[in-house]
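my_file.txt, holding compact mmCIF, C-alpha atoms:
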# COMPACT_ATOMS: atom_id res chain seq x y z
CA MET A 26 0.00 0.00 0.00
CA LEU A 27 1.03 3.57 -0.63
CA THR A 28 2.38 5.02 2.61
CA LYS A 29 1.94 8.40 4.25
CA ARG A 30 5.16 10.39 4.03
CA ILE A 31 7.13 12.08 6.83
CA ILE A 32 9.20 14.99 5.53
CA PRO A 33 11.74 16.92 7.61
CA CYS A 34 12.37 20.43 6.31
CA LEU A 35 15.81 22.04 6.46
CA ASP A 36 16.15 25.79 6.21
CA ILE A 37 19.30 26.74 4.36
CA LYS A 38 21.14 30.04 4.42
CA ASP A 39 24.37 30.51 2.46
CA GLY A 40 24.66 26.73 2.15
CA ARG A 41 24.24 26.02 5.88
CA THR A 42 21.36 24.70 7.95
CA VAL A 43 19.85 27.38 10.15
CA LYS A 44 17.03 27.66 12.71
CA GLY A 45 18.67 25.52 15.32
CA VAL A 46 19.56 21.90 15.14
CA ASN A 47 20.27 19.78 18.18
CA PHE A 48 22.00 16.56 17.19
CA VAL A 49 24.85 15.21 19.25
CA GLU A 50 25.51 12.62 16.55
CA LEU A 51 26.52 15.33 14.12
CA ARG A 52 29.97 16.81 14.22
CA ASP A 53 28.65 19.85 12.41
CA ALA A 54 24.94 20.50 12.88
CA GLY A 55 25.06 23.27 10.32
CA ASP A 56 26.09 20.89 7.55
CA PRO A 57 22.92 20.19 5.56
CA VAL A 58 24.36 17.09 3.89
CA ALA A 59 25.22 15.44 7.22
CA LEU A 60 21.79 16.26 8.61
CA ALA A 61 20.06 15.04 5.45
CA LYS A 62 21.94 11.76 5.63
CA LEU A 63 21.03 11.32 9.28
CA TYR A 64 17.32 11.90 8.61
CA SER A 65 17.48 9.57 5.65
CA GLU A 66 19.06 6.80 7.78
CA GLN A 67 16.39 7.36 10.44
CA GLY A 68 13.63 6.67 7.94
CA ALA A 69 12.54 10.06 6.64
CA ASP A 70 10.61 9.49 3.40
CA GLU A 71 11.68 12.68 1.64
CA LEU A 72 13.46 15.89 2.49
CA VAL A 73 12.72 19.52 1.73
CA PHE A 74 15.48 22.12 1.56
CA LEU A 75 14.20 25.65 1.82
CA ASP A 76 16.77 28.23 0.80
CA ILE A 77 16.30 31.47 2.70
CA THR A 78 19.42 33.10 1.30
CA ALA A 79 18.38 36.60 0.41
CA THR A 80 20.85 37.47 -2.32
CA VAL A 81 20.92 36.25 -5.88
CA ASP A 82 24.72 35.91 -6.04
CA LYS A 83 24.58 33.21 -3.38
CA ARG A 84 22.40 30.98 -5.56
CA LYS A 85 25.48 29.16 -6.80
CA THR A 86 25.96 27.88 -3.25
CA LEU A 87 22.54 26.25 -3.46
CA VAL A 88 23.37 24.41 -6.69
CA ASP A 89 26.59 23.12 -5.08
CA LEU A 90 24.63 21.97 -2.06
CA VAL A 91 22.06 20.19 -4.22
CA THR A 92 24.89 18.36 -5.98
CA GLN A 93 26.33 17.20 -2.66
CA VAL A 94 22.94 16.06 -1.37
CA ALA A 95 22.17 14.20 -4.59
CA LYS A 96 25.51 12.41 -4.40
CA GLU A 97 25.05 11.25 -0.84
CA VAL A 98 21.36 10.97 -0.03
CA ARG A 99 19.35 7.99 -1.28
CA ILE A 100 15.81 9.36 -0.88
CA PRO A 101 13.97 12.00 -2.91
CA PHE A 102 14.36 15.66 -2.04
CA THR A 103 12.72 18.94 -2.98
CA VAL A 104 14.43 22.32 -3.16
CA GLY A 105 12.59 25.60 -2.72
CA GLY A 106 13.18 29.27 -1.99
CA GLY A 107 13.50 32.12 -4.45
CA ILE A 108 12.94 30.02 -7.57
CA GLY A 109 11.39 32.12 -10.31
CA SER A 110 12.35 30.88 -13.76
CA ILE A 111 12.79 27.87 -16.00
CA GLU A 112 16.57 28.44 -15.82
CA ASP A 113 16.55 28.27 -12.00
CA VAL A 114 14.63 25.00 -12.13
CA TYR A 115 16.81 23.54 -14.84
CA ALA A 116 19.97 24.21 -12.80
CA LEU A 117 18.56 22.57 -9.66
CA LEU A 118 17.15 19.50 -11.43
CA ALA A 119 20.34 19.05 -13.44
CA ALA A 120 22.29 19.15 -10.15
CA GLY A 121 20.17 16.23 -8.93
CA ALA A 122 17.13 17.67 -7.12
CA ASP A 123 14.05 15.46 -7.59
CA LYS A 124 11.51 18.25 -7.27
CA ILE A 125 11.50 21.99 -6.91
CA SER A 126 9.07 24.11 -4.96
CA ILE A 127 7.86 27.56 -5.96
CA ASN A 128 5.72 29.94 -3.97
CA SER A 129 5.68 33.74 -4.46
CA ALA A 130 6.65 33.41 -8.13
CA ALA A 131 3.54 31.30 -8.79
CA VAL A 132 1.35 33.97 -7.22
CA ALA A 133 3.02 36.73 -9.21
CA ARG A 134 2.99 34.75 -12.49
CA PRO A 135 0.60 31.79 -12.37
CA GLU A 136 1.50 30.86 -15.97
CA LEU A 137 4.96 29.92 -14.66
CA VAL A 138 3.37 26.78 -13.18
CA ASP A 139 2.07 25.73 -16.63
CA ALA A 140 5.44 26.45 -18.20
CA LEU A 141 7.38 24.45 -15.60
CA ALA A 142 4.99 21.50 -15.77
CA ARG A 143 5.28 21.44 -19.57
CA GLU A 144 9.04 21.74 -19.50
CA PHE A 145 9.90 19.31 -16.70
CA GLY A 146 6.72 17.30 -16.02
CA SER A 147 4.24 17.79 -13.19
CA GLN A 148 5.95 15.18 -11.02
CA CYS A 149 8.78 17.54 -10.12
CA ILE A 150 6.78 20.75 -9.62
CA VAL A 151 5.65 21.38 -6.05
CA VAL A 152 3.80 24.61 -5.38
CA ALA A 153 3.87 25.93 -1.83
CA ILE A 154 0.92 27.86 -0.44
CA ASP A 155 1.21 29.93 2.73
CA SER A 156 -2.30 30.39 4.05
CA ARG A 157 -3.63 32.64 6.79
CA GLN A 158 -7.20 32.95 8.00
CA MET A 159 -8.89 36.33 8.21
CA ASP A 160 -12.51 36.65 9.32
CA GLY A 161 -13.05 32.97 8.75
CA VAL A 162 -11.70 32.97 5.18
CA ASP A 163 -8.40 31.34 4.19
CA TRP A 164 -6.21 33.69 2.13
CA VAL A 165 -3.00 33.01 0.30
CA HIS A 166 -0.03 34.99 1.63
CA THR A 167 3.44 35.49 0.23
CA HIS A 168 6.83 36.62 1.51
CA GLY A 169 6.89 34.22 4.44
CA GLY A 170 3.26 34.93 5.24
CA ARG A 171 3.71 38.67 5.66
CA LYS A 172 1.98 39.80 2.51
CA ALA A 173 -1.70 39.13 1.89
CA THR A 174 -3.00 38.45 -1.62
CA THR A 175 -6.48 38.52 -3.11
CA LEU A 176 -6.40 34.75 -3.69
CA GLN A 177 -8.47 32.39 -1.59
CA THR A 178 -6.54 29.28 -0.59
CA LYS A 179 -8.95 26.61 -1.79
CA ALA A 180 -9.57 28.19 -5.20
CA TRP A 181 -5.84 28.81 -5.64
CA ALA A 182 -4.98 25.18 -4.85
CA LYS A 183 -7.51 24.03 -7.45
CA GLU A 184 -6.07 26.45 -10.02
CA LEU A 185 -2.56 25.17 -9.35
CA ALA A 186 -3.64 21.57 -9.88
CA ASP A 187 -5.34 22.59 -13.14
CA ARG A 188 -2.19 24.39 -14.27
CA GLY A 189 -0.12 21.26 -13.77
CA ALA A 190 1.35 21.42 -10.26
CA GLY A 191 2.35 17.93 -9.13
CA GLU A 192 1.95 18.46 -5.39
CA ILE A 193 0.79 21.20 -3.04
CA LEU A 194 2.83 22.07 0.05
CA LEU A 195 0.23 23.71 2.26
CA THR A 196 1.44 25.74 5.25
CA SER A 197 -0.99 27.22 7.69
CA MET A 198 0.66 30.43 8.92
CA ASP A 199 -1.83 30.47 11.78
CA HIS A 200 -0.56 27.11 13.01
CA ASP A 201 3.11 27.43 12.05
CA GLY A 202 5.32 27.58 15.12
CA THR A 203 2.46 26.97 17.58
CA LYS A 204 3.08 23.23 18.09
CA ALA A 205 -0.68 23.01 18.63
CA GLY A 206 -1.37 20.73 15.68
CA PHE A 207 -1.82 21.02 11.92
CA ALA A 208 -4.70 22.98 10.34
CA LEU A 209 -6.91 19.91 9.95
CA GLU A 210 -10.01 21.47 8.44
CA LEU A 211 -8.12 23.50 5.88
CA THR A 212 -5.86 20.56 4.95
CA ALA A 213 -8.83 18.20 4.58
CA ALA A 214 -10.73 20.73 2.48
CA ILE A 215 -7.78 21.15 0.12
CA SER A 216 -6.57 17.54 0.01
CA GLY A 217 -10.02 15.98 -0.21
CA GLY A 218 -10.93 18.14 -3.19
CA LEU A 219 -7.76 17.79 -5.25
CA PRO A 220 -6.51 15.10 -7.62
CA ILE A 221 -2.89 15.73 -6.55
CA PRO A 222 -1.09 15.00 -3.25
CA VAL A 223 -1.03 17.55 -0.44
CA ILE A 224 1.85 17.95 2.01
CA ALA A 225 0.63 19.50 5.26
CA SER A 226 2.90 21.89 7.12
CA GLY A 227 2.74 24.06 10.19
CA GLY A 228 1.83 23.21 13.76
CA ALA A 229 3.38 19.79 14.40
CA GLY A 230 4.04 19.43 18.12
CA SER A 231 3.24 15.82 18.99
CA MET A 232 2.94 12.40 17.40
CA LEU A 233 -0.83 12.64 17.76
CA HIS A 234 -0.78 15.69 15.48
CA PHE A 235 0.71 13.59 12.69
CA LYS A 236 -1.93 10.91 13.14
CA GLU A 237 -4.65 13.58 13.00
CA VAL A 238 -3.33 15.21 9.84
CA PHE A 239 -3.16 11.85 8.06
CA THR A 240 -6.65 10.78 9.14
CA SER A 241 -9.06 13.70 9.60
CA GLY A 242 -6.70 16.07 7.74
CA LYS A 243 -6.54 13.70 4.71
CA ALA A 244 -2.92 14.75 4.06
CA ASP A 245 -0.70 12.61 1.85
CA ALA A 246 2.46 13.77 3.61
CA ALA A 247 3.38 15.84 6.66
CA LEU A 248 6.29 18.25 6.92
CA ALA A 249 7.94 19.54 10.08
CA ALA A 250 11.19 21.19 11.06
CA SER A 251 11.95 22.13 14.65
CA ILE A 252 10.40 19.11 16.37
CA PHE A 253 12.80 16.94 14.37
CA HIS A 254 15.77 19.30 14.63
CA PHE A 255 15.43 19.53 18.42
CA LYS A 256 14.71 15.82 18.70
CA GLU A 257 11.40 16.36 20.43
CA ILE A 258 10.15 13.56 18.20
CA GLY A 259 12.36 10.95 16.57
CA ILE A 260 11.37 9.68 13.15
CA PRO A 261 11.63 5.96 14.11
CA GLU A 262 9.37 6.39 17.16
CA LEU A 263 6.94 8.52 15.14
CA LYS A 264 6.66 5.82 12.51
CA SER A 265 6.19 3.07 15.10
CA TYR A 266 3.46 5.13 16.73
CA LEU A 267 1.68 5.80 13.43
CA GLU A 268 1.85 2.15 12.46
CA LYS A 269 0.33 1.16 15.79
CA GLU A 270 -2.42 3.70 15.21
CA GLY A 271 -3.26 2.18 11.84
CA VAL A 272 -1.59 4.75 9.58
CA VAL A 273 0.34 3.04 6.78
CA VAL A 274 3.98 4.15 6.87
CA ARG A 275 7.25 2.92 5.41
CA LYS A 276 9.40 1.06 7.91
CA MET B 5 33.07 -3.15 -15.89
CA LYS B 6 31.67 -0.75 -18.47
CA VAL B 7 28.23 0.53 -17.60
CA VAL B 8 26.37 2.89 -19.88
CA LEU B 9 23.18 4.84 -19.43
CA ILE B 10 21.29 5.43 -22.64
CA LYS B 11 21.09 9.15 -23.27
CA TYR B 12 17.78 10.31 -24.63
CA ASN B 13 15.30 13.09 -23.99
CA ALA B 14 14.29 11.88 -20.54
CA GLY B 15 15.08 13.45 -17.22
CA ASN B 16 16.46 12.30 -13.90
CA VAL B 17 19.59 10.58 -15.16
CA GLN B 18 21.93 12.41 -12.80
CA SER B 19 20.48 10.63 -9.76
CA VAL B 20 21.07 7.26 -11.40
CA LEU B 21 24.69 8.20 -12.15
CA TYR B 22 25.18 9.20 -8.52
CA ALA B 23 23.59 5.98 -7.28
CA LEU B 24 26.01 3.96 -9.41
CA GLU B 25 28.88 6.14 -8.17
CA ARG B 26 27.93 5.19 -4.59
CA LEU B 27 28.40 1.57 -5.69
CA GLY B 28 31.83 2.41 -7.05
CA VAL B 29 30.80 2.40 -10.72
CA GLU B 30 31.63 5.24 -13.05
CA ALA B 31 28.89 4.95 -15.67
CA GLU B 32 28.84 6.79 -18.96
CA LEU B 33 25.82 8.62 -20.33
CA THR B 34 25.81 8.11 -24.10
CA ASP B 35 23.68 7.80 -27.22
CA GLU B 36 26.53 6.39 -29.32
CA VAL B 37 25.46 3.05 -30.72
CA GLU B 38 28.93 1.47 -30.60
CA LYS B 39 29.48 2.39 -26.97
CA ILE B 40 26.09 0.97 -26.03
CA ARG B 41 26.77 -2.28 -27.92
CA ALA B 42 30.20 -2.63 -26.29
CA ALA B 43 29.08 -2.05 -22.68
CA ASP B 44 28.86 -4.81 -20.05
CA ARG B 45 25.68 -3.38 -18.58
CA VAL B 46 23.14 -1.06 -20.15
CA ILE B 47 20.74 1.06 -18.12
CA PHE B 48 17.72 2.73 -19.69
CA PRO B 49 16.58 5.32 -17.15
CA GLY B 50 13.94 7.90 -17.57
CA GLN B 51 11.22 10.16 -16.54
CA GLY B 52 9.23 11.83 -19.25
CA GLU B 53 6.60 11.25 -21.87
CA ALA B 54 6.33 8.03 -23.91
CA SER B 55 5.63 9.26 -27.47
CA SER B 56 8.38 11.90 -27.57
CA ALA B 57 10.81 9.43 -25.98
CA MET B 58 9.99 6.75 -28.60
CA ALA B 59 10.27 9.28 -31.44
CA TYR B 60 13.68 10.33 -30.14
CA LEU B 61 14.89 6.71 -29.87
CA LYS B 62 13.71 5.87 -33.39
CA GLU B 63 15.29 8.96 -34.88
CA ARG B 64 18.68 7.81 -33.57
CA LYS B 65 18.02 4.11 -34.31
CA LEU B 66 18.39 3.41 -30.60
CA ASP B 67 15.17 1.36 -30.73
CA GLN B 68 16.94 -1.25 -32.88
CA VAL B 69 19.99 -1.24 -30.63
CA ILE B 70 17.83 -1.85 -27.56
CA ARG B 71 15.99 -4.74 -29.27
CA GLU B 72 19.25 -6.40 -30.33
CA ILE B 73 21.21 -6.01 -27.15
CA LYS B 74 22.51 -9.19 -25.51
CA GLN B 75 24.08 -7.96 -22.27
CA PRO B 76 22.14 -7.38 -19.03
CA PHE B 77 19.78 -4.47 -19.64
CA LEU B 78 17.82 -2.53 -17.02
CA GLY B 79 14.86 -0.26 -17.74
CA VAL B 80 13.83 2.13 -14.98
CA CYS B 81 10.46 3.94 -14.66
CA LEU B 82 9.65 5.23 -18.16
CA GLY B 83 12.39 2.83 -19.27
CA LEU B 84 10.19 -0.08 -18.09
CA GLN B 85 7.15 1.29 -19.88
CA LEU B 86 8.99 1.77 -23.18
CA LEU B 87 10.06 -1.89 -23.10
CA CYS B 88 6.38 -2.97 -23.23
CA THR B 89 4.29 -3.29 -26.40
CA HIS B 90 2.13 -0.18 -26.23
CA SER B 91 1.46 2.76 -23.93
CA GLU B 92 -1.80 4.61 -23.51
CA GLU B 93 0.29 7.73 -23.04
CA ASN B 94 -0.42 9.45 -26.36
CA ASP B 95 -1.26 6.05 -27.92
CA THR B 96 2.39 5.07 -28.37
CA ASP B 97 3.78 1.86 -29.83
CA CYS B 98 6.76 0.87 -27.71
CA LEU B 99 9.70 -1.54 -28.01
CA GLY B 100 7.79 -4.77 -27.43
CA ILE B 101 10.36 -6.66 -25.35
CA PHE B 102 7.66 -7.49 -22.80
CA PRO B 103 4.26 -8.54 -24.19
CA VAL B 104 2.22 -6.34 -21.85
CA LYS B 105 0.47 -3.02 -22.25
CA VAL B 106 0.95 0.20 -20.34
CA LYS B 107 -2.21 1.88 -19.09
CA ARG B 108 -3.15 5.00 -17.22
CA PHE B 109 -4.22 4.75 -13.59
CA ILE B 110 -7.90 5.50 -13.24
CA PRO B 111 -9.05 6.31 -9.69
CA SER B 112 -11.82 3.98 -8.53
CA ALA B 113 -15.28 5.54 -8.39
CA GLY B 114 -15.52 7.68 -5.26
CA GLY B 115 -12.00 6.60 -4.38
CA GLN B 116 -9.46 8.72 -2.56
CA GLU B 117 -6.58 7.70 -4.83
CA LYS B 118 -4.73 10.40 -6.66
CA VAL B 119 -2.86 10.22 -9.94
CA PRO B 120 0.14 10.24 -10.24
CA HIS B 121 1.02 7.50 -7.79
CA VAL B 122 3.66 9.32 -5.74
CA GLY B 123 5.51 8.00 -2.73
CA TRP B 124 6.72 4.81 -1.08
CA ASN B 125 4.85 1.60 -1.80
CA SER B 126 5.74 -2.03 -1.21
CA LEU B 127 6.86 -4.83 -3.50
CA GLU B 128 4.69 -7.97 -3.29
CA ASN B 129 4.62 -11.41 -4.87
CA LEU B 130 8.36 -11.50 -5.49
CA VAL B 131 9.52 -14.25 -7.85
CA LYS B 132 12.86 -15.96 -7.27
CA ASN B 133 15.34 -14.14 -9.48
CA PRO B 134 18.99 -13.07 -9.31
CA LEU B 135 17.89 -9.42 -9.34
CA LEU B 136 15.92 -10.03 -6.13
CA LYS B 137 18.67 -11.86 -4.23
CA ASP B 138 19.27 -11.01 -0.55
CA LEU B 139 16.96 -8.00 -0.46
CA PRO B 140 16.55 -6.15 2.84
CA ASP B 141 13.39 -6.84 4.88
CA SER B 142 11.85 -3.46 4.12
CA LYS B 143 10.30 -3.81 0.65
CA PHE B 144 9.29 -0.20 0.07
CA MET B 145 10.30 1.62 -3.10
CA TYR B 146 9.79 5.19 -4.24
CA TYR B 147 7.31 5.63 -7.10
CA VAL B 148 6.33 8.59 -9.28
CA HIS B 149 4.16 7.63 -12.26
CA SER B 150 0.74 7.99 -13.85
CA TYR B 151 0.97 4.93 -16.12
CA TYR B 152 1.61 1.30 -15.19
CA ALA B 153 2.38 -1.99 -16.92
CA GLU B 154 -0.26 -4.71 -16.69
CA LEU B 155 0.53 -8.00 -15.00
CA GLY B 156 2.02 -10.63 -17.30
CA GLU B 157 4.07 -13.81 -17.47
CA HIS B 158 7.30 -11.81 -17.04
CA THR B 159 6.17 -9.96 -13.93
CA LEU B 160 8.82 -10.36 -11.21
CA ALA B 161 7.03 -8.45 -8.47
CA THR B 162 3.82 -6.50 -8.04
CA THR B 163 2.75 -3.36 -6.20
CA THR B 164 -0.78 -2.37 -5.30
CA TYR B 165 -2.19 1.07 -6.09
CA ILE B 166 -5.86 1.21 -6.97
CA HIS B 167 -5.17 -2.37 -8.19
CA ASP B 168 -2.14 -4.65 -8.63
CA PHE B 169 0.34 -3.63 -11.31
CA THR B 170 3.75 -4.78 -12.50
CA ALA B 171 6.54 -3.46 -10.28
CA MET B 172 9.32 -5.37 -12.05
CA LEU B 173 9.81 -7.43 -15.18
CA HIS B 174 12.33 -9.95 -16.42
CA ARG B 175 12.78 -11.72 -19.74
CA ASP B 176 16.08 -13.10 -21.05
CA ASN B 177 18.68 -10.34 -20.60
CA TYR B 178 16.10 -7.62 -19.93
CA TRP B 179 15.08 -6.46 -16.46
CA ALA B 180 12.89 -3.50 -15.62
CA ILE B 181 11.83 -1.63 -12.49
CA GLN B 182 8.88 0.80 -12.34
CA ALA B 183 9.99 2.53 -9.12
CA HIS B 184 13.15 4.56 -8.73
CA PRO B 185 15.91 2.34 -7.27
CA GLU B 186 18.25 5.35 -7.21
CA LYS B 187 15.88 6.99 -4.71
CA SER B 188 14.78 3.91 -2.79
CA SER B 189 17.30 3.81 0.02
CA ASN B 190 18.79 0.39 0.96
CA LEU B 191 16.41 -1.67 -1.18
CA GLY B 192 17.03 0.37 -4.30
CA GLU B 193 20.77 0.23 -3.80
CA LYS B 194 20.65 -3.56 -3.39
CA LEU B 195 18.67 -3.94 -6.63
CA LEU B 196 21.26 -1.90 -8.54
CA GLU B 197 24.05 -3.88 -6.90
CA ASN B 198 22.35 -7.15 -7.93
CA PHE B 199 21.94 -5.89 -11.48
CA LEU B 200 25.64 -5.08 -11.70
CA ALA B 201 26.44 -8.53 -10.27
CA LEU B 202 24.41 -10.45 -12.88
CA PRO B 203 26.49 -12.87 -14.95
CA SER B 204 27.68 -11.20 -18.15
CA THR B 205 26.27 -12.51 -21.40
Rewrite the structure from the file as structure tokens, please.
Amino acid sequence: MLTKRIIPCLDIKDGRTVKGVNFVELRDAGDPVALAKLYSEQGADELVFLDITATVDKRKTLVDLVTQVAKEVRIPFTVGGGIGSIEDVYALLAAGADKISINSAAVARPELVDALAREFGSQCIVVAIDSRQMDGVDWVHTHGGRKATTLQTKAWAKELADRGAGEILLTSMDHDGTKAGFALELTAAISGGLPIPVIASGGAGSMLHFKEVFTSGKADAALAASIFHFKEIGIPELKSYLEKEGVVVRK
Amino acid sequence: MKVVLIKYNAGNVQSVLYALERLGVEAELTDEVEKIRAADRVIFPGQGEASSAMAYLKERKLDQVIREIKQPFLGVCLGLQLLCTHSEENDTDCLGIFPVKVKRFIPSAGGQEKVPHVGWNSLENLVKNPLLKDLPDSKFMYYVHSYYAELGEHTLATTTYIHDFTAMLHRDNYWAIQAHPEKSSNLGEKLLENFLALPST
């Protein structure tokens, strides 16, 4: 049976992991390749690298990093952050990334999604949506959730699927960082109504939260960062727990 | 040992090259007929669309080369599908090594299944075969595909998504894997290692 996926997310700045990592096993916790390998050995199903480097001239660092990860990591990985053109995507895929993720660029130029899907195939195009609720309505935000748009989350997700996105990475900005659980209603509404997989993100704080997002949240995959980085939850124990709770996972 | 990857208009070859590198094999990516004929192992990777891939192969006469090859040959993902007789993807006649058809996944009525089939799924009904020797206990492989090969007499293993489909094939010197061994952790690595260890023909 197809399994539900657990995806650790690594924030990258200037080629290094940031946002705090707490692994005694790692000689250098800032080395994304070492961390990626460790997660892979622990049973992570995929990895996401989110580049938060602000400047364009540092992009080369990202391509070098992708090459290193592709050489050493034996599970699929997605690279996102600041991608805005066919050339950007070509460079990352050629370096060995399995998928790329775009966000603000898709909002600014929706036709970019069509172009990327045509050029590289839907299977490697992930579109990230940052969603925030205002007066009971879910709105798409950009720039790390700071900037509101006039797009409603559910309609935007549908449009992205129609334009050829292969997967949606849905982050609830209201839940992100709270450790109070994923946005179950929103995730279920998006995932249940789409023909493509949805990766839920934002709010993971306990193993129960993962079970909830896979069952009532109808998510195909769940992404988290700090709870893995700070070892609040280990991937092996999370998978054992999910299996015991009847969620199909890879072991 | 000389290992070549057939170069054609399909993506995702770099990952396969890296996977072989991890096994200590420096493979060459080439579309030169003589190099392909002279290799000890030939790998036919791929992610892409069937009709444009077949057109590209025919244009360079690589379709003939693939049909005539005698050494161990491994098709991966789209590579498996192109080795079958026909694909529903743009109604494409394929290479016909394996007498099965390739069809599009159709979600069951009211079903929750999505297409493409993306993620880790398990191998079932494994047949005894040198490619499947000493596999690790965990039988999960990473899949990304919208089309699948039907079950047939050359099916080596199955996977279930919506229904059972062919996960691997074997006939004479041809093997094929629908999932991505280069992305399938220990199991994928063992399959590639077993392929490299097959007796030369």
Notebook entry, point to check: Between B:Asp141, B:Glu193, B:Glu186, B:Asp176, which is the closest to Glu72 in chain B once you count all atoms listed in the file?
Noted result: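 Closest candidate: B:Asp176.
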Item checked: Among the residues B:Leu202, B:Leu196, B:Leu78, B:Ile70, the one that comes closest to Arg26 in chain B [using only C-alpha atoms] ->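 Distance minimum relative to Arg26 in chain B lands on B:Leu196.
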Next item on the list: Name the closest residue to Lys269 in chain A among the candidates A:Trp181, A:Gly217, A:Glu66, A:Lys236; distances are taken between atoms, counting all atoms listed in the file.
Entry: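 Once distances to Lys269 in chain A are computed over all atoms listed in the file, the minimum belongs to A:Lys236.
Proximity of B:Ala42, B:Ile166, B:Ala31, B:Leu195 to Arg108 in chain B, computed with only C-alpha atoms, is greatest for B:Ile166.
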Checklist line | Residue hits in chain A, query chain B, radius 6 Å, all atoms listed in the file, as a ChimeraX atom specification | finding: /A:26-28,96,99-101,121,220-221
Notebook entry, point to check: Got a sec: who's within 7 Å of Val104 in chain A, counting only C-alpha atoms, leaving out chain neighbours fewer than 5 positions off, as number ranges by chain?
Noted result: A: 73-75, 122, 124-126
Next item on the list: Skip range 85-88 of chain A itself and residues of its chain fewer than 5 positions away, then list as an MDAnalysis selection string all residues within 12 Å of it, counting only C-alpha atoms.
Entry: chainID A and resid 36:42 57:58 74:80 93:95 104:108 113:122
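When only C-alpha atoms are used to compute distances to Glu154 in chain B, the closest of the residues B:Glu30, B:Glu197, B:Glu63, B:Asp168 turns out to be B:Asp168.
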Rebuild range 121-133 of chain B to N, CA, C and O atoms - output it as a compact mmCIF listing (two decimals), keeping the file's coordinate frame, please.
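Result written to out-v2.txt:
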# COMPACT_ATOMS: atom_id res chain seq x y z
N HIS B 121 0.70 8.31 -8.96
CA HIS B 121 1.02 7.50 -7.79
C HIS B 121 2.39 7.98 -7.33
O HIS B 121 3.39 7.73 -7.98
N VAL B 122 2.42 8.74 -6.23
CA VAL B 122 3.66 9.32 -5.74
C VAL B 122 3.93 8.87 -4.32
O VAL B 122 3.08 9.01 -3.46
N GLY B 123 5.11 8.33 -4.08
CA GLY B 123 5.51 8.00 -2.73
C GLY B 123 6.04 6.58 -2.60
O GLY B 123 6.37 5.95 -3.61
N TRP B 124 6.13 6.13 -1.36
CA TRP B 124 6.72 4.81 -1.08
C TRP B 124 5.63 3.76 -1.03
O TRP B 124 4.66 3.90 -0.30
N ASN B 125 5.82 2.69 -1.79
CA ASN B 125 4.85 1.60 -1.80
C ASN B 125 5.65 0.29 -1.83
O ASN B 125 6.82 0.27 -2.19
N SER B 126 4.98 -0.80 -1.43
CA SER B 126 5.74 -2.03 -1.21
C SER B 126 5.71 -3.00 -2.39
O SER B 126 4.75 -3.05 -3.14
N LEU B 127 6.79 -3.75 -2.52
CA LEU B 127 6.86 -4.83 -3.50
C LEU B 127 6.17 -6.05 -2.91
O LEU B 127 6.34 -6.36 -1.74
N GLU B 128 5.38 -6.75 -3.73
CA GLU B 128 4.69 -7.97 -3.29
C GLU B 128 4.93 -9.05 -4.34
O GLU B 128 5.34 -8.77 -5.45
N ASN B 129 4.59 -10.27 -3.94
CA ASN B 129 4.62 -11.41 -4.87
C ASN B 129 5.95 -11.52 -5.62
O ASN B 129 5.98 -11.68 -6.85
N LEU B 130 7.05 -11.44 -4.86
CA LEU B 130 8.36 -11.50 -5.49
C LEU B 130 8.68 -12.91 -6.00
O LEU B 130 8.50 -13.88 -5.28
N VAL B 131 9.13 -12.98 -7.23
CA VAL B 131 9.52 -14.25 -7.85
C VAL B 131 11.01 -14.45 -7.60
O VAL B 131 11.77 -13.49 -7.50
N LYS B 132 11.42 -15.70 -7.46
CA LYS B 132 12.86 -15.96 -7.27
C LYS B 132 13.62 -15.55 -8.52
O LYS B 132 13.30 -15.98 -9.62
N ASN B 133 14.61 -14.69 -8.34
CA ASN B 133 15.34 -14.14 -9.48
C ASN B 133 16.64 -13.55 -8.98
O ASN B 133 16.68 -12.99 -7.89
